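Novice: Hey, dropping entry13.txt in here, compact mmCIF, C-alpha atoms:
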```txt
# COMPACT_ATOMS: atom_id res chain seq x y z
CA MET W 4 0.00 0.00 0.00
CA ASN W 5 1.33 3.40 -0.95
CA GLU W 6 1.49 5.45 2.23
CA LEU W 7 2.69 8.62 0.54
CA GLN W 8 -0.86 9.81 -0.01
CA SER W 9 -3.48 7.79 1.76
CA VAL W 10 -6.46 8.49 4.01
CA LEU W 11 -5.93 4.98 5.36
CA HIS W 12 -2.56 5.91 6.84
CA PRO W 13 -3.24 8.94 9.03
CA ALA W 14 -0.17 10.76 10.32
CA GLY W 15 -1.90 13.47 12.31
CA ALA W 16 -4.66 13.73 14.93
CA ASP W 17 -7.26 15.21 12.56
CA ALA W 18 -6.58 12.61 9.90
CA ALA W 19 -6.90 9.90 12.57
CA ILE W 20 -10.38 11.15 13.48
CA ILE W 21 -11.41 11.25 9.82
CA HIS W 22 -9.94 7.77 9.40
CA GLN W 23 -12.02 6.52 12.33
CA PHE W 24 -15.21 8.05 10.86
CA THR W 25 -14.45 6.30 7.61
CA TRP W 26 -14.19 2.86 9.18
CA VAL W 27 -17.16 3.24 11.54
CA LEU W 28 -19.39 4.39 8.67
CA PHE W 29 -18.09 1.75 6.29
CA VAL W 30 -18.34 -1.18 8.71
CA GLY W 31 -21.67 0.04 10.14
CA ALA W 32 -23.23 0.50 6.72
CA THR W 33 -21.95 -2.92 5.66
CA LEU W 34 -23.53 -4.62 8.68
CA ILE W 35 -26.86 -2.88 8.09
CA PHE W 36 -26.72 -3.79 4.40
CA ILE W 37 -26.08 -7.47 5.24
CA PHE W 38 -28.94 -7.38 7.78
CA VAL W 39 -31.37 -5.91 5.21
CA MET W 40 -30.29 -8.41 2.56
CA GLY W 41 -30.79 -11.20 5.09
CA LEU W 42 -34.33 -9.99 5.75
CA LEU W 43 -34.95 -9.82 2.00
CA ALA W 44 -33.79 -13.42 1.60
CA LEU W 45 -36.06 -14.53 4.45
CA GLY W 46 -38.97 -12.66 2.86
CA MET W 47 -38.45 -14.45 -0.44
CA ARG W 48 -38.64 -17.93 1.04
CA ARG W 49 -41.44 -19.96 -0.48
CA ALA W 50 -42.82 -21.04 2.88
CA ALA W 51 -42.54 -17.64 4.54
CA ARG W 52 -44.44 -17.24 7.75
CA PRO W 53 -46.89 -14.36 7.93
CA ILE W 54 -45.52 -11.34 9.82
CA ARG W 55 -47.03 -8.40 11.64
CA PRO W 56 -46.31 -5.42 9.37
CA GLY W 57 -46.89 -2.86 12.12
CA ILE W 58 -43.93 -4.12 14.14
CA TRP W 59 -41.58 -4.07 11.15
CA ILE W 60 -42.68 -0.68 9.88
CA PHE W 61 -42.34 0.91 13.28
CA GLY W 62 -39.37 -1.10 14.47
CA ALA W 63 -37.15 -1.31 11.41
CA GLY W 64 -38.49 1.72 9.55
CA ILE W 65 -38.61 4.28 12.37
CA ALA W 66 -37.14 3.14 15.67
CA PHE W 67 -33.98 1.52 14.25
CA PRO W 68 -32.88 4.48 12.09
CA VAL W 69 -33.71 6.95 14.86
CA VAL W 70 -31.59 5.04 17.37
CA VAL W 71 -28.68 4.40 14.99
CA LEU W 72 -28.59 7.87 13.48
CA THR W 73 -28.93 9.60 16.86
CA ALA W 74 -26.05 7.56 18.24
CA LEU W 75 -24.00 8.32 15.14
CA LEU W 76 -24.80 12.04 15.31
CA THR W 77 -23.89 12.23 18.99
CA TRP W 78 -20.64 10.35 18.50
CA SER W 79 -19.60 12.23 15.38
CA THR W 80 -20.41 15.61 16.94
CA TRP W 81 -18.32 14.68 19.98
CA ARG W 82 -15.43 13.46 17.79
CA SER W 83 -15.64 16.46 15.47
CA ALA W 84 -15.27 18.76 18.44
CA GLN W 85 -11.87 17.14 19.00
CA LEU W 86 -10.62 18.25 15.57
CA ALA W 87 -7.97 20.94 15.78
CA PRO W 88 -9.33 24.48 16.01
CA GLN W 89 -9.07 26.26 12.65
CA THR W 90 -7.32 29.33 13.89
CA SER W 91 -4.06 31.15 13.39
CA HIS W 92 -3.83 31.98 17.10
CA GLY W 93 -0.83 30.35 18.66
CA ALA W 94 0.08 28.57 15.44
CA MET W 95 2.73 29.27 12.84
CA SER W 96 1.15 30.66 9.67
CA ILE W 97 2.04 29.72 6.14
CA SER W 98 0.23 31.23 3.15
CA VAL W 99 -0.62 28.99 0.24
CA THR W 100 -2.07 30.33 -3.00
CA GLY W 101 -3.58 27.95 -5.51
CA LYS W 102 -2.70 28.78 -9.10
CA MET W 103 -3.31 27.04 -12.40
CA TRP W 104 -1.62 24.54 -11.83
CA TRP W 105 0.79 24.88 -8.97
CA TRP W 106 1.00 26.12 -5.39
CA GLU W 107 2.72 29.25 -4.20
CA VAL W 108 3.87 28.86 -0.62
CA ARG W 109 4.92 31.83 1.51
CA TYR W 110 6.62 31.69 4.88
CA ARG W 111 7.50 34.48 7.25
CA ASP W 112 11.21 34.74 8.05
CA PRO W 113 11.35 34.93 11.86
CA ALA W 114 14.66 36.83 11.71
CA THR W 115 13.66 39.64 9.37
CA ASN W 116 9.88 39.27 9.16
CA ARG W 117 10.24 39.25 5.36
CA GLU W 118 8.32 36.87 3.16
CA ILE W 119 10.06 33.80 1.81
CA ILE W 120 8.36 32.60 -1.36
CA SER W 121 8.60 29.02 -2.54
CA ALA W 122 6.40 26.59 -4.43
CA ASN W 123 4.86 23.15 -4.42
CA GLU W 124 6.31 22.10 -1.07
CA ILE W 125 4.98 22.96 2.35
CA HIS W 126 7.59 22.41 5.04
CA ILE W 127 6.24 22.21 8.57
CA PRO W 128 7.74 21.46 11.97
CA VAL W 129 6.65 18.09 13.28
CA GLY W 130 4.24 17.91 16.23
CA GLU W 131 3.19 21.56 15.94
CA SER W 132 -0.03 23.02 14.66
CA VAL W 133 0.51 25.04 11.52
CA TYR W 134 -2.17 27.29 10.14
CA LEU W 135 -2.35 27.49 6.38
CA GLY W 136 -3.91 30.69 5.09
CA LEU W 137 -5.40 29.63 1.78
CA THR W 138 -6.49 31.57 -1.25
CA ALA W 139 -6.44 31.26 -5.03
CA SER W 140 -5.46 33.72 -7.72
CA ASP W 141 -7.48 32.42 -10.65
CA VAL W 142 -10.11 29.74 -10.12
CA ILE W 143 -11.26 27.69 -7.14
CA HIS W 144 -8.77 25.06 -6.00
CA SER W 145 -8.87 22.80 -2.98
CA LEU W 146 -5.99 21.75 -0.79
CA TRP W 147 -5.99 18.18 0.41
CA VAL W 148 -3.33 16.19 2.21
CA PRO W 149 -5.12 12.91 2.89
CA SER W 150 -2.63 11.68 5.51
CA LEU W 151 -2.91 14.86 7.58
CA ALA W 152 -6.29 16.56 7.33
CA GLY W 153 -9.49 17.10 5.41
CA LYS W 154 -9.97 19.27 2.34
CA ARG W 155 -10.29 23.02 2.25
CA ASP W 156 -11.36 25.05 -0.74
CA MET W 157 -9.16 27.92 -1.94
CA ILE W 158 -11.35 30.68 -3.30
CA PRO W 159 -10.17 33.73 -5.26
CA GLY W 160 -10.66 36.90 -3.27
CA ARG W 161 -11.15 35.11 0.03
CA VAL W 162 -8.87 33.66 2.63
CA THR W 163 -9.79 30.33 4.11
CA GLY W 164 -7.74 28.38 6.58
CA LEU W 165 -6.67 24.89 7.47
CA THR W 166 -4.73 23.65 10.45
CA LEU W 167 -2.18 20.96 9.70
CA ARG W 168 -0.32 18.90 12.24
CA ALA W 169 1.96 16.00 11.49
CA ASP W 170 2.77 13.76 14.43
CA LYS W 171 5.65 11.98 12.77
CA PRO W 172 8.33 13.28 10.43
CA GLY W 173 7.84 12.37 6.81
CA VAL W 174 6.76 13.36 3.36
CA TYR W 175 3.05 13.52 2.69
CA ARG W 176 1.69 14.07 -0.77
CA GLY W 177 -1.27 16.30 -1.36
CA GLN W 178 -3.16 17.41 -4.40
CA CYS W 179 -5.80 19.73 -5.70
CA ALA W 180 -9.22 18.33 -4.87
CA GLU W 181 -11.39 20.72 -6.85
CA TYR W 182 -11.42 20.46 -10.62
CA CYS W 183 -9.60 23.56 -11.79
CA GLY W 184 -8.92 23.07 -15.49
CA GLU W 185 -6.89 21.10 -17.95
CA GLN W 186 -4.00 20.17 -15.66
CA HIS W 187 -5.94 19.69 -12.43
CA ALA W 188 -4.60 16.14 -12.25
CA ARG W 189 -1.01 17.38 -12.32
CA MET W 190 -1.41 19.83 -9.48
CA ALA W 191 0.19 18.06 -6.56
CA PHE W 192 2.51 19.06 -3.76
CA HIS W 193 4.35 17.62 -0.80
CA VAL W 194 4.08 18.42 2.86
CA ILE W 195 7.46 17.77 4.44
CA ALA W 196 7.34 17.45 8.21
CA LEU W 197 10.73 18.03 9.83
CA PRO W 198 11.90 18.14 13.44
CA ARG W 199 11.92 21.74 14.66
CA ALA W 200 15.70 22.23 14.47
CA GLU W 201 15.85 20.90 10.91
CA PHE W 202 12.87 23.05 9.96
CA ASP W 203 14.56 26.18 11.31
CA ALA W 204 17.75 25.36 9.44
CA TRP W 205 15.77 24.75 6.26
CA LEU W 206 13.88 28.04 6.62
CA ALA W 207 17.11 29.95 7.23
CA ARG W 208 18.56 28.50 4.01
CA GLN W 209 15.43 29.40 2.08
CA ALA W 210 15.59 32.95 3.41
CA GLY W 211 18.97 33.53 1.79
CA PRO W 212 19.45 34.62 -1.80
CA ALA W 213 20.23 32.17 -4.59
CA LEU W 214 23.60 30.43 -4.55
CA PRO W 215 26.15 32.24 -6.71
CA ALA W 216 26.97 30.96 -10.18
CA ASP W 217 30.61 30.22 -9.49
CA THR W 218 31.64 28.14 -12.49
CA THR W 219 31.65 28.87 -16.21
CA VAL W 220 28.76 26.48 -16.87
CA LEU W 221 26.66 27.98 -14.08
CA GLN W 222 27.34 31.48 -15.35
CA GLN W 223 26.36 30.35 -18.82
CA GLY W 224 23.14 28.93 -17.34
CA ARG W 225 22.35 32.12 -15.50
CA ASP W 226 23.00 34.14 -18.66
CA ALA W 227 20.69 31.83 -20.60
CA PHE W 228 18.01 32.35 -17.94
CA LEU W 229 18.20 36.11 -18.42
CA ALA W 230 18.61 35.96 -22.21
CA GLN W 231 15.46 33.84 -22.46
CA GLN W 232 13.63 36.44 -20.35
CA CYS W 233 12.63 33.80 -17.81
CA GLN W 234 12.56 36.62 -15.26
CA ALA W 235 9.35 37.83 -16.88
CA CYS W 236 7.54 35.16 -14.84
CA HIS W 237 10.11 33.72 -12.44
CA THR W 238 12.09 35.27 -9.64
CA ILE W 239 15.56 34.25 -8.53
CA ARG W 240 16.35 36.35 -5.50
CA GLY W 241 19.80 37.84 -5.86
CA VAL W 242 19.64 37.66 -9.65
CA THR W 243 16.35 39.01 -10.98
CA ASP W 244 15.63 41.52 -8.23
CA VAL W 245 18.88 43.44 -8.53
CA ALA W 246 19.87 46.01 -11.18
CA PRO W 247 19.06 46.08 -14.05
CA PHE W 248 16.01 43.99 -13.15
CA SER W 249 14.95 45.80 -10.00
CA GLN W 250 11.30 46.54 -9.39
CA GLU W 251 11.51 50.11 -10.68
CA ASN W 252 12.52 48.96 -14.12
CA ARG W 253 9.61 46.62 -14.49
CA ILE W 254 6.57 47.71 -16.43
CA ALA W 255 4.39 45.46 -14.32
CA ASP W 256 5.25 43.01 -11.62
CA THR W 257 4.64 39.78 -13.42
CA SER W 258 7.46 38.03 -11.59
CA ARG W 259 5.03 35.88 -9.66
CA LEU W 260 3.24 34.37 -12.63
CA GLY W 261 5.52 31.36 -12.30
CA PRO W 262 7.10 29.72 -9.27
CA ASP W 263 9.94 31.48 -7.44
CA LEU W 264 13.11 29.65 -8.48
CA THR W 265 15.53 31.02 -5.87
CA HIS W 266 15.95 27.57 -4.34
CA VAL W 267 14.34 25.41 -7.02
CA GLY W 268 17.15 22.85 -6.84
CA SER W 269 16.19 22.03 -3.26
CA ARG W 270 12.74 20.83 -4.24
CA ARG W 271 11.88 17.20 -4.75
CA GLU W 272 9.78 17.62 -7.86
CA ILE W 273 9.03 20.13 -10.56
CA ALA W 274 5.86 21.25 -12.31
CA ALA W 275 3.73 20.61 -9.18
CA GLY W 276 4.51 16.95 -8.65
CA THR W 277 4.77 16.11 -12.34
CA LEU W 278 8.46 15.18 -12.61
CA ARG W 279 11.26 14.37 -10.24
CA ASN W 280 13.71 17.23 -10.02
CA HIS W 281 17.07 16.86 -11.74
CA LYS W 282 18.75 18.56 -14.64
CA GLY W 283 17.35 16.06 -17.14
CA THR W 284 13.75 16.72 -16.25
CA LEU W 285 14.47 20.45 -15.88
CA ALA W 286 15.92 20.50 -19.40
CA GLY W 287 12.97 18.54 -20.77
CA TRP W 288 10.52 20.81 -19.02
CA ILE W 289 12.17 24.02 -20.27
CA ALA W 290 12.44 22.67 -23.82
CA ASP W 291 8.79 21.70 -24.09
CA PRO W 292 6.49 22.08 -21.08
CA GLN W 293 3.48 21.83 -23.38
CA ALA W 294 4.31 18.21 -24.18
CA ILE W 295 4.60 17.32 -20.50
CA LYS W 296 1.70 19.36 -19.11
CA PRO W 297 -0.39 20.55 -22.06
CA GLY W 298 -2.12 23.85 -21.44
CA VAL W 299 0.33 25.03 -18.80
CA PHE W 300 1.13 28.75 -19.05
CA MET W 301 4.85 28.28 -19.67
CA PRO W 302 5.77 28.42 -23.38
CA PRO W 303 8.27 26.04 -25.00
CA SER W 304 11.77 27.23 -25.91
CA PRO W 305 12.40 25.82 -29.38
CA ASP W 306 15.14 28.38 -30.16
CA LEU W 307 17.31 27.44 -27.18
CA ASP W 308 20.50 25.66 -28.32
CA GLY W 309 21.61 22.47 -26.62
CA GLU W 310 24.56 23.90 -24.79
CA SER W 311 22.55 26.78 -23.28
CA LEU W 312 19.68 24.50 -22.34
CA ARG W 313 22.00 22.08 -20.55
CA ALA W 314 23.75 24.95 -18.79
CA LEU W 315 20.42 26.43 -17.74
CA ALA W 316 19.23 23.11 -16.36
CA THR W 317 22.53 22.67 -14.53
CA TYR W 318 22.19 26.16 -13.07
CA LEU W 319 18.65 25.57 -11.83
CA GLU W 320 19.64 22.23 -10.32
CA HIS W 321 22.49 24.05 -8.57
CA LEU W 322 20.07 26.47 -6.86
CA LYS W 323 19.68 24.34 -3.75
CA MET K 12 12.89 -13.32 -59.97
CA ASN K 13 12.81 -17.02 -59.47
CA ILE K 14 15.78 -18.40 -57.56
CA CYS K 15 14.80 -22.01 -58.48
CA GLN K 16 16.12 -21.48 -61.99
CA TYR K 17 19.64 -21.23 -60.69
CA ASP K 18 22.04 -24.12 -60.24
CA ARG K 19 22.75 -26.23 -57.19
CA ARG K 20 25.11 -23.74 -55.60
CA HIS K 21 22.38 -21.15 -55.65
CA ARG K 22 19.95 -23.62 -54.17
CA VAL K 23 22.25 -24.02 -51.18
CA LEU K 24 22.41 -20.26 -50.90
CA ARG K 25 18.64 -20.11 -51.05
CA ALA K 26 18.31 -22.64 -48.22
CA GLY K 27 20.71 -20.51 -46.22
CA ALA K 28 18.62 -17.42 -46.91
CA VAL K 29 15.42 -19.19 -45.87
CA LEU K 30 17.08 -20.35 -42.69
CA LEU K 31 18.28 -16.80 -41.98
CA CYS K 32 14.79 -15.42 -42.58
CA ALA K 33 13.34 -17.99 -40.24
CA LEU K 34 15.89 -17.01 -37.61
CA LEU K 35 15.10 -13.34 -38.02
CA ALA K 36 11.38 -14.04 -37.93
CA SER K 37 11.74 -15.99 -34.71
CA ALA K 38 13.70 -13.10 -33.26
CA CYS K 39 10.78 -10.82 -34.06
CA GLY K 40 8.31 -13.16 -32.39
CA SER K 41 7.01 -13.08 -28.87
CA GLU K 42 10.05 -14.98 -27.56
CA LYS K 43 12.41 -12.54 -25.87
CA PRO K 44 15.79 -12.59 -27.59
CA PRO K 45 18.85 -12.69 -25.33
CA SER K 46 20.10 -9.24 -24.42
CA ARG K 47 22.34 -7.61 -27.01
CA VAL K 48 24.31 -5.98 -24.25
CA GLU K 49 26.71 -8.15 -22.31
CA GLY K 50 25.92 -7.94 -18.61
CA GLY K 51 22.84 -5.80 -19.21
CA ASP K 52 19.50 -6.63 -17.63
CA PRO K 53 16.63 -5.14 -19.70
CA GLU K 54 14.17 -5.16 -16.78
CA ARG K 55 16.57 -3.27 -14.51
CA GLY K 56 17.19 -0.95 -17.42
CA ARG K 57 13.48 -0.31 -17.78
CA LEU K 58 13.21 0.58 -14.10
CA LEU K 59 16.25 2.86 -14.35
CA THR K 60 14.75 4.53 -17.42
CA GLN K 61 11.66 5.17 -15.36
CA GLN K 62 13.63 6.36 -12.36
CA TYR K 63 15.65 8.86 -14.40
CA GLN K 64 12.38 10.01 -15.92
CA CYS K 65 13.62 9.77 -19.48
CA ALA K 66 9.96 10.00 -20.44
CA ALA K 67 10.09 13.71 -19.62
CA CYS K 68 11.55 14.11 -23.13
CA HIS K 69 11.06 10.79 -24.89
CA PHE K 70 8.11 8.63 -25.71
CA ILE K 71 9.07 5.18 -24.43
CA PRO K 72 6.69 2.23 -24.51
CA GLU K 73 6.43 0.37 -21.19
CA VAL K 74 7.81 3.30 -19.25
CA GLN K 75 5.59 5.42 -17.07
CA GLY K 76 5.87 9.11 -17.65
CA THR K 77 4.60 12.09 -19.41
CA GLY K 78 5.60 11.20 -22.97
CA GLY K 79 7.56 14.36 -23.64
CA LYS K 80 8.40 15.50 -27.16
CA ALA K 81 11.62 17.43 -26.58
CA GLY K 82 13.58 14.32 -27.61
CA PRO K 83 12.88 11.68 -30.25
CA SER K 84 10.54 8.77 -29.61
CA LEU K 85 12.41 5.66 -28.47
CA GLU K 86 9.71 3.32 -29.70
CA TYR K 87 11.99 1.56 -32.23
CA MET K 88 15.32 2.29 -30.56
CA GLY K 89 16.48 -1.31 -30.94
CA ARG K 90 15.97 -1.25 -34.71
CA LEU K 91 17.73 1.97 -35.57
CA SER K 92 21.00 1.82 -37.53
CA TYR K 93 22.32 5.05 -36.10
CA ILE K 94 21.82 6.87 -32.85
CA ALA K 95 22.65 10.38 -31.67
CA GLY K 96 22.47 11.74 -35.17
CA GLY K 97 25.02 9.51 -36.83
CA ILE K 98 26.97 7.04 -34.74
CA PRO K 99 26.34 3.32 -35.32
CA ASN K 100 23.77 1.82 -32.99
CA GLN K 101 26.18 -0.49 -31.17
CA PRO K 102 25.94 -1.34 -27.47
CA GLU K 103 29.25 0.34 -26.60
CA ASN K 104 28.19 3.55 -28.36
CA MET K 105 24.80 3.49 -26.71
CA ILE K 106 26.37 3.06 -23.26
CA ARG K 107 28.80 5.90 -23.94
CA PHE K 108 26.01 8.15 -25.18
CA LEU K 109 23.73 7.47 -22.20
CA GLN K 110 26.53 8.34 -19.78
CA ASN K 111 27.59 11.57 -21.43
CA PRO K 112 25.44 12.65 -24.39
CA PRO K 113 27.18 16.00 -25.10
CA ALA K 114 30.58 14.26 -25.37
CA VAL K 115 29.23 11.99 -28.11
CA LYS K 116 27.00 14.50 -29.82
CA PRO K 117 28.07 18.10 -29.18
CA GLY K 118 25.13 20.48 -29.20
CA THR K 119 22.60 17.89 -28.08
CA LEU K 120 19.80 19.00 -25.78
CA MET K 121 20.29 15.89 -23.67
CA PRO K 122 22.24 16.49 -20.47
CA ALA K 123 24.61 14.10 -18.71
CA LEU K 124 22.67 12.86 -15.72
CA GLY K 125 25.48 11.19 -13.85
CA ILE K 126 24.44 7.74 -15.02
CA SER K 127 27.07 5.15 -14.08
CA GLU K 128 28.48 2.71 -16.63
CA ASP K 129 26.67 -0.15 -14.95
CA GLU K 130 23.34 1.69 -15.08
CA ALA K 131 23.95 2.70 -18.69
CA ARG K 132 24.61 -0.96 -19.54
CA HIS K 133 21.22 -2.02 -18.15
CA MET K 134 19.49 0.91 -19.84
CA ALA K 135 21.12 0.08 -23.16
CA ALA K 136 19.95 -3.52 -22.78
CA PHE K 137 16.44 -2.16 -22.34
CA MET K 138 16.80 0.12 -25.37
CA TYR K 139 17.51 -2.90 -27.56
CA THR K 140 14.23 -4.49 -26.49
CA LEU K 141 12.36 -1.53 -28.05
CA ARG K 142 11.71 -2.79 -31.54
```
Spell out the structure here as structure tokens.

Specialist:
Amino acid sequence: MNELQSVLHPAGADAAIIHQFTWVLFVGATLIFIFVMGLLALGMRRAARPIRPGIWIFGAGIAFPVVVLTALLTWSTWRSAQLAPQTSHGAMSISVTGKMWWWEVRYRDPATNREIISANEIHIPVGESVYLGLTASDVIHSLWVPSLAGKRDMIPGRVTGLTLRADKPGVYRGQCAEYCGEQHARMAFHVIALPRAEFDAWLARQAGPALPADTTVLQQGRDAFLAQQCQACHTIRGVTDVAPFSQENRIADTSRLGPDLTHVGSRREIAAGTLRNHKGTLAGWIADPQAIKPGVFMPPSPDLDGESLRALATYLEHLK
Amino acid sequence: MNICQYDRRHRVLRAGAVLLCALLASACGSEKPPSRVEGGDPERGRLLTQQYQCAACHFIPEVQGTGGKAGPSLEYMGRLSYIAGGIPNQPENMIRFLQNPPAVKPGTLMPALGISEDEARHMAAFMYTLR
């Protein structure tokens, strides 16, 4: 059984409650179904004894459902009250914006209070409640990490919220759970739960600017990035936000149309869970994203020569 | 033309040709031919091909992936006479190309992925099953 993304393998308290609901409802409904089918079989016997309809109509038609459903309602209300409170009070906040078809993830740098923008991976400290502030920038999406919590819609122009808590370290896959267009199926992400110290170290690394291009090939890759005008949609902090690309020189800030690539090499996958991340897949993606994820907003680069493409892919892989 | 009109020597040749055809035909059948690459395991190669996500750029039957079009389809890789735009499709060339494509074909879009010789051997063995 694949435990990477499974409601049957809860890794947090909320998911455990949902998991319990699932089994109680499934087993309960199965027992009732078998009971009803048994009655049906008895009723179809050739030598069936006459029955008193009043007892069955009142007993099985009214009393039984009232008792069962009342018990179920009471129990599920009591269990639901134990779900984590959906509030940002006393919890670390992370903002997630659903976009066609990827996830922009923003953290707050505790040292400088500046935003750290990343994509398609939500890192959280293990054993702590994290409040995700959710919204969407185009159409309605829905964030769902089956191993950790229920679903929550992401609605343009509104902020909704979801509390996540992972009780054991690990990687949990999530995906968009609201049909949002052509590539809805390739809109996945990972929640990576790390021990607090590792999380802090990770966040500190993400807060820094991109690693310098310190070899000829890396410089060639960075130059190809700029020559191809990738900065029209993508940001690399330390490269695209300094002169001559600083904010003032931009006609419009379109730099967030595509994922922030400052630390793209540190991510597990690219194109929102579509491909594993290494320079081969990066090169393939840059050369022709439309073949891999048709309809995606990134255009292909048919004019890019082999050497530049390989250098660019090497550079992006280097941006750990 | 009718080979039967020729003399005995030609008849022997014809028998040889028929035998060769039969051999070739059997190789094209459902029976899996032995790997063309010494020490290469096609099944391991298939898994490696999947793991390296070669399908990001290539269409490859039997390999999960996105069926990218940035690189050529590998559907008939085992049948091709030349690979990488002009070198003979021989196991040693294939292994060399998989390990370091730009060294074999300068200007190629395909990057060197750090594939070891052993891995390349298995992957080459898999490539020759694509016919």

Novice: Take CA of Phe29 (chain W) and CA of Met47 (chain W) and report the distance between them in Å, one decimal.

Specialist: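 Result for CA of Phe29 (chain W) versus CA of Met47 (chain W): 26.9 Å, one decimal.
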
Novice: Considering only C-alpha atoms, state which residue in the set K:Ser46, K:Gln64, K:Gln110, K:Ser127 is at the smallest distance from Glu272 (chain W).

Specialist: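 Among the listed residues, the smallest separation from Glu272 (chain W) belongs to K:Gln64.
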
Novice: Mind dumping a table of every chain W residue within 6 Å of chain K, with the nearest atom pair and its distance in Å to one decimal, using only C-alpha atoms, sorted by chain and rising number, as JSON lines?

Specialist:
```
{"residue": "W:Gly283", "atom": "CA", "partner": "K:Pro122", "partner_atom": "CA", "distance": 5.9}
{"residue": "W:Thr284", "atom": "CA", "partner": "K:Ala67", "partner_atom": "CA", "distance": 5.8}
{"residue": "W:Gly287", "atom": "CA", "partner": "K:Cys68", "partner_atom": "CA", "distance": 5.2}
{"residue": "W:Ala290", "atom": "CA", "partner": "K:Ala81", "partner_atom": "CA", "distance": 6.0}
{"residue": "W:Asp291", "atom": "CA", "partner": "K:Ala81", "partner_atom": "CA", "distance": 5.7}
{"residue": "W:Ala294", "atom": "CA", "partner": "K:Gly79", "partner_atom": "CA", "distance": 5.1}
{"residue": "W:Ile295", "atom": "CA", "partner": "K:Gly79", "partner_atom": "CA", "distance": 5.2}
{"residue": "W:Gly309", "atom": "CA", "partner": "K:Leu120", "partner_atom": "CA", "distance": 4.0}
{"residue": "W:Glu310", "atom": "CA", "partner": "K:Gly118", "partner_atom": "CA", "distance": 5.6}
{"residue": "W:Arg313", "atom": "CA", "partner": "K:Pro122", "partner_atom": "CA", "distance": 5.6}
```

Novice: If you measure from CA of Arg225 (chain W) to CA of Leu285 (chain W), what distance in Å do you get, rounded to one decimal?

Specialist: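 These two atoms are separated by 14.1 Å.
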
Novice: Would you kindly return, as JSON, numbers by chain, each protein, DNA or RNA residue with an atom no farther than 7 Å from any atom of region 89-98 of chain W, considering all atoms listed in the file and excluding same-chain residues fewer than 6 positions away?

Specialist: {"W": [108, 109, 110, 132, 133, 134, 135, 136, 137, 164, 165, 166]}

Novice: Could you pull the residues within 9 Å of Glu103 (chain K), counting only C-alpha atoms, minus those fewer than 2 positions along the same chain, as a list of chain:residue names?

Specialist: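 The neighbour list is K:Val48, K:Asn100, K:Gln101, K:Met105, K:Ile106, K:Arg107, K:Phe108, K:Arg132, K:Ala135.
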
Novice: From the options W:Asp156, W:Glu6, W:Asp263, W:Asp306, which residue's atoms come nearest to Ile120 (chain W), counting all atoms listed in the file?

Specialist: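 Looking only at the distances to Ile120 (chain W), the closest residue turns out to be W:Asp263.
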
Novice: State, in Å with one decimal place, the distance from CA of Pro303 (chain W) to CA of Gln231 (chain W).

Specialist: 10.9 Å

Novice: Any idea what's packed within 8 Å of region 143-150 of chain W, counting all atoms listed in the file, ignoring anything in its chain fewer than 4 positions away? Could you give it as a PyMOL selection string?

Specialist: chain W and resi 7-15+18+101-102+139+154-159+175-183+194

Novice: How big is the axis-aligned box around the listed atoms of region 176-188 of chain W once 3 Å is added on each side, and where is its centre? Give both in Å to one decimal, as AutoDock Vina command-line options.

Specialist:
```
--center_x -4.9 --center_y 18.8 --center_z -9.4 --size_x 19.1 --size_y 15.5 --size_z 23.2
```

Novice: Between W:Arg117, W:Lys282, W:Lys171, W:Lys323, which one has atoms that come closest to Ile239 (chain W), using only C-alpha atoms?

Specialist: W:Lys323

Novice: Using only C-alpha atoms, which of the listed residues (W:Gly261, W:Gly160, W:Gly64, W:Gly41) sits closest to Val142 (chain W)?

Specialist: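 Closest to Val142 (chain W) of all the choices is W:Gly160.
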
Novice: Using only C-alpha atoms, find the one residue out of K:Asn104, K:Arg90, K:Met138, K:His133 that sits nearest to Gly56 (chain K).

Specialist: K:His133

Novice: Which polymer residues, whether protein, DNA or RNA, lie within 7 Å of the coordinate (2.1, 21.8, 13.2) when you count all atoms listed in the file? List them as a CSV table (one decimal) with C-alpha atoms, in the coordinates of the input, using the chain letters and numbers from the file.

Specialist:
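Contents of out.csv, freshly written:
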```csv
chain,number,residue,atom,x,y,z
W,127,ILE,CA,6.2,22.2,8.6
W,128,PRO,CA,7.7,21.5,12.0
W,129,VAL,CA,6.6,18.1,13.3
W,130,GLY,CA,4.2,17.9,16.2
W,131,GLU,CA,3.2,21.6,15.9
W,132,SER,CA,0.0,23.0,14.7
W,133,VAL,CA,0.5,25.0,11.5
W,167,LEU,CA,-2.2,21.0,9.7
W,168,ARG,CA,-0.3,18.9,12.2
W,169,ALA,CA,2.0,16.0,11.5
```

Novice: So which residues touch region 226-230 of chain W within 10 Å, counting all atoms listed in the file, skipping near sequence neighbours fewer than 2 positions away, as a list in words?

Specialist: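 That gives Ala216, Val220, Leu221, Gln222, Gln223, Gly224, Gln232, Cys233, Gln234, Ala235, His237, Ile239, Val242, Thr243, Phe248, Leu307, Asp308, Glu310, Ser311, Leu312, Arg313, Ala314, Leu315, Ala316, Tyr318 and Leu319 of chain W.
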